[in-house]
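**Student:** If it helps, the file is called model.cif and holds mmCIF, C-alpha atoms:
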data_upload
#
loop_
_atom_site.label_atom_id
_atom_site.label_comp_id
_atom_site.auth_asym_id
_atom_site.auth_seq_id
_atom_site.Cartn_x
_atom_site.Cartn_y
_atom_site.Cartn_z
CA MET A 18 10.07 14.98 -8.36
CA THR A 19 13.02 12.74 -9.26
CA ARG A 20 10.99 9.71 -8.22
CA LEU A 21 8.08 10.81 -10.36
CA LYS A 22 10.32 11.31 -13.38
CA MET A 23 11.97 7.93 -12.80
CA SER A 24 8.58 6.25 -12.50
CA ILE A 25 7.27 7.84 -15.67
CA GLY A 26 10.50 6.84 -17.43
CA ILE A 27 10.30 3.23 -16.26
CA LEU A 28 6.63 3.02 -17.23
CA LEU A 29 7.36 4.38 -20.69
CA ILE A 30 10.22 1.90 -21.14
CA LEU A 31 7.97 -0.97 -20.04
CA LEU A 32 5.20 0.23 -22.32
CA CYS A 33 7.54 0.45 -25.31
CA LEU A 34 9.04 -2.92 -24.45
CA SER A 35 5.65 -4.63 -24.21
CA LEU A 36 4.37 -3.07 -27.43
CA THR A 37 7.54 -3.89 -29.35
CA SER A 38 7.78 -7.44 -28.03
CA GLY A 39 4.09 -7.99 -28.77
CA LYS A 40 4.43 -6.77 -32.36
CA TRP A 41 7.65 -8.74 -32.86
CA THR A 42 6.12 -11.95 -31.55
CA GLN A 43 3.04 -11.52 -33.74
CA ARG A 44 5.15 -10.87 -36.82
CA ARG A 45 7.37 -13.91 -36.19
CA CYS A 46 4.34 -16.11 -35.49
CA THR A 47 2.63 -14.97 -38.69
CA GLU A 48 5.78 -15.83 -40.66
CA MET A 49 5.85 -19.28 -39.06
CA GLN A 50 2.17 -19.83 -39.81
CA GLN A 51 2.78 -18.99 -43.45
CA LEU A 52 5.51 -21.66 -43.54
CA ILE A 53 3.19 -24.16 -41.84
CA ILE A 54 0.49 -23.53 -44.46
CA GLN A 55 3.08 -23.82 -47.22
CA ALA A 56 4.37 -27.14 -45.83
CA ALA A 57 0.83 -28.48 -45.53
CA GLU A 58 0.06 -27.55 -49.15
CA GLU A 59 3.27 -29.16 -50.37
CA THR A 60 2.43 -32.37 -48.54
CA GLU A 61 -1.07 -32.38 -50.03
CA ASN A 62 0.47 -31.99 -53.50
CA GLY A 63 2.78 -34.93 -52.79
CA ASP A 64 5.92 -32.81 -52.92
CA ASN A 65 7.65 -34.33 -49.92
CA LYS A 66 11.06 -32.90 -50.77
CA ALA A 67 9.70 -29.34 -50.75
CA ALA A 68 7.76 -30.06 -47.58
CA GLU A 69 10.94 -31.29 -45.91
CA LYS A 70 12.77 -28.14 -47.02
CA THR A 71 9.97 -25.93 -45.70
CA SER A 72 9.97 -27.85 -42.42
CA ALA A 73 13.70 -27.30 -42.07
CA GLU A 74 13.18 -23.60 -42.74
CA LEU A 75 10.36 -23.59 -40.18
CA CYS A 76 12.67 -25.17 -37.60
CA ARG A 77 15.41 -22.64 -38.35
CA GLN A 78 12.98 -19.78 -37.95
CA TRP A 79 11.71 -21.23 -34.72
CA GLU A 80 15.23 -21.63 -33.31
CA SER A 81 16.11 -17.99 -33.98
CA PHE A 82 12.76 -16.86 -32.56
CA ARG A 83 12.98 -19.08 -29.51
CA THR A 84 16.25 -17.59 -28.24
CA TRP A 85 14.62 -14.21 -27.70
CA ALA A 86 11.13 -15.48 -27.02
CA SER A 87 12.38 -17.28 -23.90
CA LEU A 88 12.91 -13.84 -22.35
CA ILE A 89 9.27 -12.88 -22.60
CA ILE A 90 7.22 -16.08 -22.95
CA LYS A 91 6.68 -18.86 -20.42
CA ASN A 92 8.94 -21.82 -21.05
CA ASP A 93 6.24 -24.52 -21.00
CA MET A 94 4.60 -23.02 -24.09
CA LEU A 95 7.92 -22.88 -25.91
CA ARG A 96 8.79 -26.46 -24.96
CA GLU A 97 5.64 -27.77 -26.65
CA ILE A 98 6.56 -26.07 -29.92
CA ASP A 99 10.18 -27.25 -29.50
CA ARG A 100 8.97 -30.83 -29.35
CA LEU A 101 6.87 -30.50 -32.50
CA CYS A 102 9.48 -28.61 -34.51
CA ALA A 103 12.15 -31.22 -33.74
CA ARG A 104 9.92 -33.94 -35.23
CA LEU A 105 8.76 -32.11 -38.36
CA PRO A 106 11.69 -32.66 -40.81
CA GLU A 107 11.76 -36.36 -39.98
CA LEU A 108 7.98 -36.70 -40.36
CA ALA A 109 8.00 -34.83 -43.65
CA GLU A 110 10.10 -37.61 -45.18
CA HIS A 111 7.76 -40.42 -44.15
CA GLU A 112 4.45 -38.47 -44.17
CA ASP A 113 3.35 -40.19 -40.93
CA SER A 114 1.04 -37.86 -39.06
CA PHE A 115 2.82 -34.90 -40.61
CA GLY A 116 -0.42 -33.11 -41.37
CA SER A 117 -1.81 -33.47 -37.84
CA ASP A 118 1.46 -32.31 -36.33
CA LEU A 119 1.44 -29.28 -38.60
CA SER A 120 -2.07 -28.37 -37.56
CA GLU A 121 -1.16 -28.86 -33.89
CA LEU A 122 1.84 -26.59 -34.40
CA ASN A 123 -0.40 -24.05 -36.10
CA VAL A 124 -2.74 -24.04 -33.10
CA LEU A 125 0.16 -23.56 -30.67
CA VAL A 126 1.68 -20.75 -32.71
CA GLU A 127 -1.74 -19.10 -32.97
CA ASP A 128 -2.08 -19.36 -29.17
CA LEU A 129 1.37 -17.82 -28.75
CA LYS A 130 0.38 -15.02 -31.09
CA HIS A 131 -2.74 -14.22 -29.08
CA ARG A 132 -0.96 -14.31 -25.74
CA SER A 133 1.75 -11.89 -26.79
CA MET B 267 19.69 -24.20 -8.06
CA ARG B 268 22.16 -21.58 -9.29
CA ILE B 269 19.47 -20.02 -11.44
CA ILE B 270 17.07 -19.76 -8.49
CA MET B 271 19.85 -18.21 -6.42
CA LEU B 272 20.60 -15.68 -9.13
CA ARG B 273 16.91 -14.89 -9.60
CA SER B 274 16.51 -14.40 -5.85
CA ILE B 275 19.38 -11.91 -5.77
CA ILE B 276 18.03 -9.99 -8.76
CA LEU B 277 14.50 -9.85 -7.34
CA TYR B 278 15.78 -8.89 -3.88
CA ALA B 279 17.64 -5.97 -5.44
CA LEU B 280 14.54 -5.11 -7.46
CA VAL B 281 12.22 -5.10 -4.44
CA ILE B 282 14.70 -2.93 -2.49
CA PHE B 283 14.76 -0.56 -5.45
CA ALA B 284 10.95 -0.61 -5.59
CA VAL B 285 10.61 0.29 -1.90
CA ARG B 286 13.20 3.05 -2.28
CA LEU B 287 11.33 4.35 -5.31
CA MET B 288 8.10 4.50 -3.30
CA GLY B 289 9.92 6.65 -0.76
CA LYS B 290 9.90 7.21 2.99
CA ARG B 291 6.11 7.28 3.19
CA GLN B 292 6.11 3.58 2.40
CA LEU B 293 8.23 2.78 5.45
CA GLY B 294 5.88 4.46 7.92
CA GLU B 295 2.16 3.93 8.27
CA LEU B 296 0.54 2.80 5.06
CA GLN B 297 -2.25 4.49 3.16
CA PRO B 298 -4.80 2.05 1.65
CA SER B 299 -3.27 2.22 -1.84
CA GLU B 300 0.24 1.71 -0.43
CA LEU B 301 -0.90 -1.30 1.55
CA VAL B 302 -2.38 -2.84 -1.60
CA ILE B 303 0.84 -2.26 -3.55
CA THR B 304 2.98 -3.70 -0.74
CA ILE B 305 0.91 -6.87 -0.58
CA LEU B 306 0.84 -7.26 -4.36
CA VAL B 307 4.57 -6.66 -4.79
CA SER B 308 5.49 -9.12 -2.06
CA ASN B 309 3.30 -11.77 -3.68
CA ILE B 310 4.38 -11.15 -7.25
CA ALA B 311 8.08 -11.12 -6.36
CA THR B 312 7.96 -14.68 -5.06
CA LEU B 313 6.53 -16.15 -8.28
CA PRO B 314 9.53 -15.77 -10.62
CA VAL B 315 11.89 -16.78 -7.79
CA GLU B 316 10.16 -20.11 -7.27
CA ASP B 317 9.05 -20.84 -10.82
CA THR B 318 11.90 -20.87 -13.33
CA ASN B 319 9.30 -21.40 -16.03
CA ILE B 320 8.43 -17.71 -15.76
CA PRO B 321 10.93 -15.46 -17.55
CA LEU B 322 12.56 -12.92 -15.23
CA LEU B 323 11.40 -10.03 -17.39
CA VAL B 324 7.80 -11.20 -17.02
CA GLY B 325 8.23 -11.25 -13.23
CA VAL B 326 9.92 -7.87 -13.11
CA THR B 327 7.40 -6.02 -15.30
CA PRO B 328 4.37 -6.12 -12.94
CA ILE B 329 6.48 -5.16 -9.90
CA LEU B 330 7.95 -2.12 -11.62
CA SER B 331 4.60 -1.18 -13.17
CA LEU B 332 2.75 -1.30 -9.84
CA VAL B 333 5.40 0.70 -8.03
CA CYS B 334 5.51 3.32 -10.77
CA PHE B 335 1.70 3.58 -10.75
CA GLU B 336 1.81 4.10 -7.00
CA VAL B 337 4.41 6.87 -7.26
CA ILE B 338 2.42 8.61 -10.00
CA LEU B 339 -0.84 8.21 -8.05
CA SER B 340 0.67 9.65 -4.87
CA SER B 341 2.01 12.60 -6.88
CA LEU B 342 -1.44 13.17 -8.37
CA ASP B 343 -2.90 12.95 -4.85
CA LEU B 344 -0.98 16.09 -3.93
CA LYS B 345 -2.53 18.03 -6.78
CA LEU B 346 -6.04 16.59 -6.77
CA PRO B 347 -7.72 16.57 -3.33
CA GLY B 348 -10.76 14.79 -4.79
CA LEU B 349 -8.62 11.90 -5.94
CA ARG B 350 -6.89 11.78 -2.55
CA LYS B 351 -10.26 11.52 -0.84
CA LEU B 352 -11.33 8.80 -3.25
CA VAL B 353 -8.16 6.73 -2.87
CA SER B 354 -7.20 7.32 0.77
CA GLY B 355 -10.49 8.42 2.34
CA SER B 356 -10.67 11.25 4.87
CA PRO B 357 -9.95 11.47 8.60
CA LYS B 358 -12.99 10.91 10.86
CA ILE B 359 -13.61 12.63 14.16
CA ILE B 360 -14.70 10.12 16.81
CA ILE B 361 -14.56 12.40 19.87
CA ARG B 362 -15.66 15.99 19.37
CA HIS B 363 -15.54 18.52 22.22
CA GLY B 364 -15.29 15.62 24.67
CA GLN B 365 -18.38 13.88 23.22
CA VAL B 366 -17.96 10.43 21.70
CA ASP B 367 -19.49 10.26 18.22
CA VAL B 368 -21.08 6.82 18.41
CA ARG B 369 -22.42 6.94 14.84
CA THR B 370 -18.96 7.52 13.38
CA LEU B 371 -17.56 4.77 15.58
CA LYS B 372 -20.17 2.36 14.21
CA GLU B 373 -19.48 3.56 10.67
CA LEU B 374 -15.78 2.83 11.14
CA ARG B 375 -16.57 -0.48 12.88
CA PHE B 376 -14.54 0.78 15.83
CA SER B 377 -15.42 -1.02 19.06
CA VAL B 378 -15.10 0.52 22.52
CA ASP B 379 -12.11 -1.73 23.09
CA ASP B 380 -10.46 -0.44 19.91
CA LEU B 381 -11.08 3.14 21.02
CA MET B 382 -9.72 2.58 24.52
CA MET B 383 -6.73 0.71 23.14
CA ALA B 384 -5.95 3.57 20.76
CA LEU B 385 -6.25 6.08 23.63
CA ARG B 386 -4.03 3.99 25.88
CA GLY B 387 -1.50 3.97 23.06
CA GLN B 388 -1.43 7.75 23.48
CA ASP B 389 -0.91 7.43 27.27
CA ILE B 390 -4.53 8.37 27.98
CA PHE B 391 -6.39 6.10 30.37
CA ASP B 392 -9.34 8.38 31.10
CA ILE B 393 -11.63 9.17 28.16
CA SER B 394 -12.76 12.38 29.88
CA GLU B 395 -9.28 13.83 29.27
CA VAL B 396 -9.92 13.84 25.51
CA GLU B 397 -11.17 16.95 23.73
CA PHE B 398 -10.82 15.62 20.17
CA ALA B 399 -9.91 12.23 18.73
CA VAL B 400 -9.51 11.65 15.02
CA VAL B 401 -9.09 8.38 13.13
CA GLU B 402 -6.56 9.14 10.42
CA THR B 403 -6.68 7.63 6.93
CA THR B 404 -3.87 5.26 7.96
CA GLY B 405 -6.09 3.92 10.77
CA SER B 406 -4.09 5.52 13.57
CA VAL B 407 -5.86 7.69 16.16
CA SER B 408 -4.70 11.24 16.86
CA VAL B 409 -5.79 12.77 20.15
CA LEU B 410 -6.05 16.34 21.44
CA LYS B 411 -6.23 16.45 25.21
CA LYS B 412 -8.45 18.89 27.11
CA PRO B 413 -6.48 21.88 28.40
CA GLU B 414 -5.38 21.27 31.94
CA ALA B 415 -6.97 23.55 34.58
CA ASP B 416 -4.73 26.19 36.16
CA PRO B 417 -2.98 24.83 39.21
CA PRO B 418 -4.49 26.10 42.49
CA GLN B 419 -2.86 29.14 43.98
CA VAL B 420 -2.75 30.45 47.52
CA VAL B 421 -5.05 33.46 47.69
CA VAL B 422 -5.08 33.83 51.49
CA ALA B 423 -2.06 32.94 53.55
CA ASP B 424 -2.28 33.26 57.33
CA GLY B 425 -5.18 35.69 57.06
CA VAL B 426 -3.50 37.89 54.44
CA TYR B 427 -5.25 38.27 51.07
CA SER B 428 -3.05 38.03 47.92
CA ALA B 429 -4.55 40.24 45.25
CA ALA B 430 -1.92 39.22 42.66
CA ALA B 431 -2.80 35.52 42.95
CA ALA B 432 -6.54 36.24 42.75
CA ASP B 433 -6.04 38.44 39.67
CA SER B 434 -3.98 35.78 37.92
CA LEU B 435 -6.86 33.33 38.43
CA GLY B 436 -9.49 35.88 37.42
CA ILE B 437 -11.24 35.72 40.79
CA SER B 438 -12.55 38.82 42.51
CA GLU B 439 -12.08 39.65 46.17
CA LYS B 440 -15.84 39.42 46.55
CA ASP B 441 -15.78 35.73 45.54
CA ILE B 442 -13.06 35.03 48.07
CA LEU B 443 -14.93 36.83 50.81
CA SER B 444 -18.13 34.97 50.11
CA ALA B 445 -16.23 31.67 50.15
CA ALA B 446 -14.61 32.65 53.41
CA LYS B 447 -17.98 33.51 54.88
CA LYS B 448 -19.21 29.98 54.27
CA CYS B 449 -16.76 28.54 56.74
CA SER B 450 -15.25 31.40 58.72
CA SER B 451 -16.36 34.84 59.67
CA SER B 452 -13.49 36.72 58.06
CA LEU B 453 -10.27 36.33 56.08
CA LYS B 454 -8.26 36.82 59.25
CA ASP B 455 -9.60 33.50 60.57
CA ILE B 456 -8.30 31.59 57.55
CA PHE B 457 -4.94 29.87 57.73
CA ILE B 458 -4.69 28.91 54.05
CA MET B 459 -7.11 29.42 51.20
CA THR B 460 -6.30 28.15 47.73
CA ALA B 461 -8.34 28.69 44.57
CA ASP B 462 -8.22 27.54 40.98
CA GLY B 463 -9.53 28.88 37.70
CA SER B 464 -12.72 26.83 37.88
CA GLY B 465 -13.80 28.72 41.02
CA SER B 466 -13.31 26.03 43.61
CA PHE B 467 -11.71 26.86 46.93
CA CYS B 468 -9.83 24.85 49.49
CA ILE B 469 -9.96 26.46 52.91
CA VAL B 470 -8.04 25.58 56.06
CA PRO B 471 -9.35 27.70 58.97
CA LYS B 472 -7.04 28.68 61.77
CA GLY B 473 -7.39 26.52 64.82
CA SER B 474 -9.28 23.49 63.56
CA GLY B 475 -6.92 22.62 60.63
CA LYS B 476 -9.86 20.89 58.92
CA ILE B 477 -9.69 21.10 55.11
CA MET B 478 -12.87 22.41 53.49
CA ILE B 479 -13.52 22.33 49.77
CA LEU B 480 -16.02 24.76 48.27
CA GLY B 481 -17.31 25.64 44.83
CA GLY B 482 -16.58 24.10 41.41
CA SER B 483 -19.09 21.62 40.13
CA GLU B 484 -18.98 19.55 43.28
CA ASP B 485 -21.07 20.12 46.35
CA ASP B 486 -19.29 21.64 49.26
CA LYS B 487 -17.57 18.99 51.25
CA THR B 488 -15.28 18.72 54.21
#
Would you encode the structure as structure tokens?

**Tutor:**
Amino acid sequence: MTRLKMSIGILLILLCLSLTSGKWTQRRCTEMQQLIIQAAEETENGDNKAAEKTSAELCRQWESFRTWASLIIKNDMLREIDRLCARLPELAEHEDSFGSDLSELNVLVEDLKHRS
Amino acid sequence: MRIIMLRSIILYALVIFAVRLMGKRQLGELQPSELVITILVSNIATLPVEDTNIPLLVGVTPILSLVCFEVILSSLDLKLPGLRKLVSGSPKIIIRHGQVDVRTLKELRFSVDDLMMALRGQDIFDISEVEFAVVETTGSVSVLKKPEADPPQVVVADGVYSAAAADSLGISEKDILSAAKKCSSSLKDIFIMTADGSGSFCIVPKGSGKIMILGGSEDDKT
């Protein structure tokens, strides 16, 4: 009976953990996607300064998300986003391939969202 | 390297915990569902040890989930016989009243060699000794031997009839006399006569010392 209770307890904990982590990941990804869209719009409007600021904010958000995400998401997926996020503020200044990088980041974040 | 070492220790502890959680049943013969869980757990546990790309929590979750499912399923098995039959199957009788059930053997894909090997595992080398044999849900074979016949008893010793011995075997004096008649004229001419519960007699007449066997399913022989 103790084993049964322990098993039910563990299963409930795992269930709660998976639901919470799933919701949390989706929420954080949605927030990042909003920033990506905002940065893309700012670049289209020629407001590079604002785009740079948004990119920096995007990177900050990603850094805080990544610390915890590494506990529940495979590292190879995170590394790809790491690579793109590190380049964004620099690209925002010069506009070189900023738009394509943003859309690539959007696809990766969307993928992350669906896998969670 | 240190990370892999640490992961190995954590997963080792986790697998030990998982086996303990599954209980003593897991350490004996495995039911089909337990076998599946054991194979799955042993495979899943190696992945996060080898691949540091996989977070430890992701590796731990399926192991714990599978083990917990197994514990819950085995608890439900106790309460729901239908589920038990569905998950574990039911024992099959392969020898019934000394008769081999060939159809069941074929159904279980049990060859004659498998059957004989299982019987030898139970210290039985002669299939005629078996009254019942059952293939359990774990795949092991349980055997019930035929009851051994009563040991022969001396019913006539040096021409003297022992009523107590005959009674204990359920043989009447008339049977003994008729057996005696077949080889000697009277009981007094018999040196030793033994009988068993199946109605066979072993007679040694006075003088000749020749052993004669009568009755039972065999023809009389000397």

**Student:** At a cut-off of 6 Å, list the chain A residues touching chain B, using only C-alpha atoms, as a PDB file with C-alpha atoms, in the coordinates of the input.

**Tutor:**
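Dumped to part.pdb:
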ATOM      1  CA  SER A  24       8.580   6.250 -12.500  1.00  0.00           C
ATOM      2  CA  LEU A  88      12.910 -13.840 -22.350  1.00  0.00           C
ATOM      3  CA  ILE A  89       9.270 -12.880 -22.600  1.00  0.00           C
ATOM      4  CA  LYS A  91       6.680 -18.860 -20.420  1.00  0.00           C
ATOM      5  CA  ASN A  92       8.940 -21.820 -21.050  1.00  0.00           C
TER       6      ASN A  92
END

**Student:** Can you spell out as a PDB file with C-alpha atoms, in the coordinates of the input the set of residues that the PyMOL selection byres ((chain B and resi 427) around 10) selects in the structure I just provided?

**Tutor:**
ATOM      1  CA  VAL B 420      -2.750  30.450  47.520  1.00  0.00           C
ATOM      2  CA  VAL B 421      -5.050  33.460  47.690  1.00  0.00           C
ATOM      3  CA  VAL B 422      -5.080  33.830  51.490  1.00  0.00           C
ATOM      4  CA  ALA B 423      -2.060  32.940  53.550  1.00  0.00           C
ATOM      5  CA  ASP B 424      -2.280  33.260  57.330  1.00  0.00           C
ATOM      6  CA  GLY B 425      -5.180  35.690  57.060  1.00  0.00           C
ATOM      7  CA  VAL B 426      -3.500  37.890  54.440  1.00  0.00           C
ATOM      8  CA  SER B 428      -3.050  38.030  47.920  1.00  0.00           C
ATOM      9  CA  ALA B 429      -4.550  40.240  45.250  1.00  0.00           C
ATOM     10  CA  ALA B 430      -1.920  39.220  42.660  1.00  0.00           C
ATOM     11  CA  ALA B 431      -2.800  35.520  42.950  1.00  0.00           C
ATOM     12  CA  ALA B 432      -6.540  36.240  42.750  1.00  0.00           C
ATOM     13  CA  GLU B 439     -12.080  39.650  46.170  1.00  0.00           C
ATOM     14  CA  ILE B 442     -13.060  35.030  48.070  1.00  0.00           C
ATOM     15  CA  LEU B 443     -14.930  36.830  50.810  1.00  0.00           C
ATOM     16  CA  LEU B 453     -10.270  36.330  56.080  1.00  0.00           C
ATOM     17  CA  LYS B 454      -8.260  36.820  59.250  1.00  0.00           C
ATOM     18  CA  ILE B 456      -8.300  31.590  57.550  1.00  0.00           C
ATOM     19  CA  ILE B 458      -4.690  28.910  54.050  1.00  0.00           C
ATOM     20  CA  MET B 459      -7.110  29.420  51.200  1.00  0.00           C
TER      21      MET B 459
END

**Student:** Evaluate the PyMOL selection byres ((chain A and resi 49) around 8) on the structure here and hand back the selected residues as a ChimeraX atom specification.

**Tutor:** /A:45-48,50-53,75,78-79,126

**Student:** If we draw a sphere of 10 Å around (10.5, -28.2, -36.8), which residues have at least one atom in it when counting all atoms listed in the file? Please report them as a CSV table (one decimal) with C-alpha atoms, keeping the file's coordinate frame.

**Tutor:**
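Now in point_9.csv:
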chain,number,residue,atom,x,y,z
A,53,ILE,CA,3.2,-24.2,-41.8
A,69,GLU,CA,10.9,-31.3,-45.9
A,71,THR,CA,10.0,-25.9,-45.7
A,72,SER,CA,10.0,-27.8,-42.4
A,73,ALA,CA,13.7,-27.3,-42.1
A,74,GLU,CA,13.2,-23.6,-42.7
A,75,LEU,CA,10.4,-23.6,-40.2
A,76,CYS,CA,12.7,-25.2,-37.6
A,77,ARG,CA,15.4,-22.6,-38.4
A,78,GLN,CA,13.0,-19.8,-38.0
A,79,TRP,CA,11.7,-21.2,-34.7
A,80,GLU,CA,15.2,-21.6,-33.3
A,98,ILE,CA,6.6,-26.1,-29.9
A,99,ASP,CA,10.2,-27.2,-29.5
A,100,ARG,CA,9.0,-30.8,-29.4
A,101,LEU,CA,6.9,-30.5,-32.5
A,102,CYS,CA,9.5,-28.6,-34.5
A,103,ALA,CA,12.2,-31.2,-33.7
A,104,ARG,CA,9.9,-33.9,-35.2
A,105,LEU,CA,8.8,-32.1,-38.4
A,106,PRO,CA,11.7,-32.7,-40.8
A,107,GLU,CA,11.8,-36.4,-40.0
A,108,LEU,CA,8.0,-36.7,-40.4
A,109,ALA,CA,8.0,-34.8,-43.6
A,118,ASP,CA,1.5,-32.3,-36.3
A,119,LEU,CA,1.4,-29.3,-38.6
A,122,LEU,CA,1.8,-26.6,-34.4

**Student:** Where does the PyMOL selection byres ((chain B and resi 396) around 9) land in this file, that is, which residues does it pick, as a PyMOL selection string?

**Tutor:** chain B and resi 361-365+385+390+392-395+397-399+409-412

**Student:** Identify the residues within 12 Å of coordinate (-6.7, 5.7, 17.9) (same frame as the file), considering all atoms listed in the file, and give the answer as a PyMOL selection string.

**Tutor:** chain B and resi 357-361+371+374+376-390+393+396+398-410

**Student:** What does the structure give for the distance between CA of Cys468 (chain B) and CA of Leu480 (chain B), in Å to one decimal?

**Tutor:**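 So the two atoms, CA of Cys468 (chain B) and CA of Leu480 (chain B), lie 6.3 Å apart.
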
**Student:** I need the residue nearest Glu414 (chain B) from this list: B:Lys440, B:Gly463, B:Leu344, B:Ser452. Use all atoms listed in the file for the distance.

**Tutor:**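 Smallest distance to Glu414 (chain B) is found for B:Gly463.
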
**Student:** What does the distance from CA of Leu95 (chain A) to CA of Asn65 (chain A) come to in Å, to one decimal?

**Tutor:**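 Distance reported for this atom pair: 26.6 Å.
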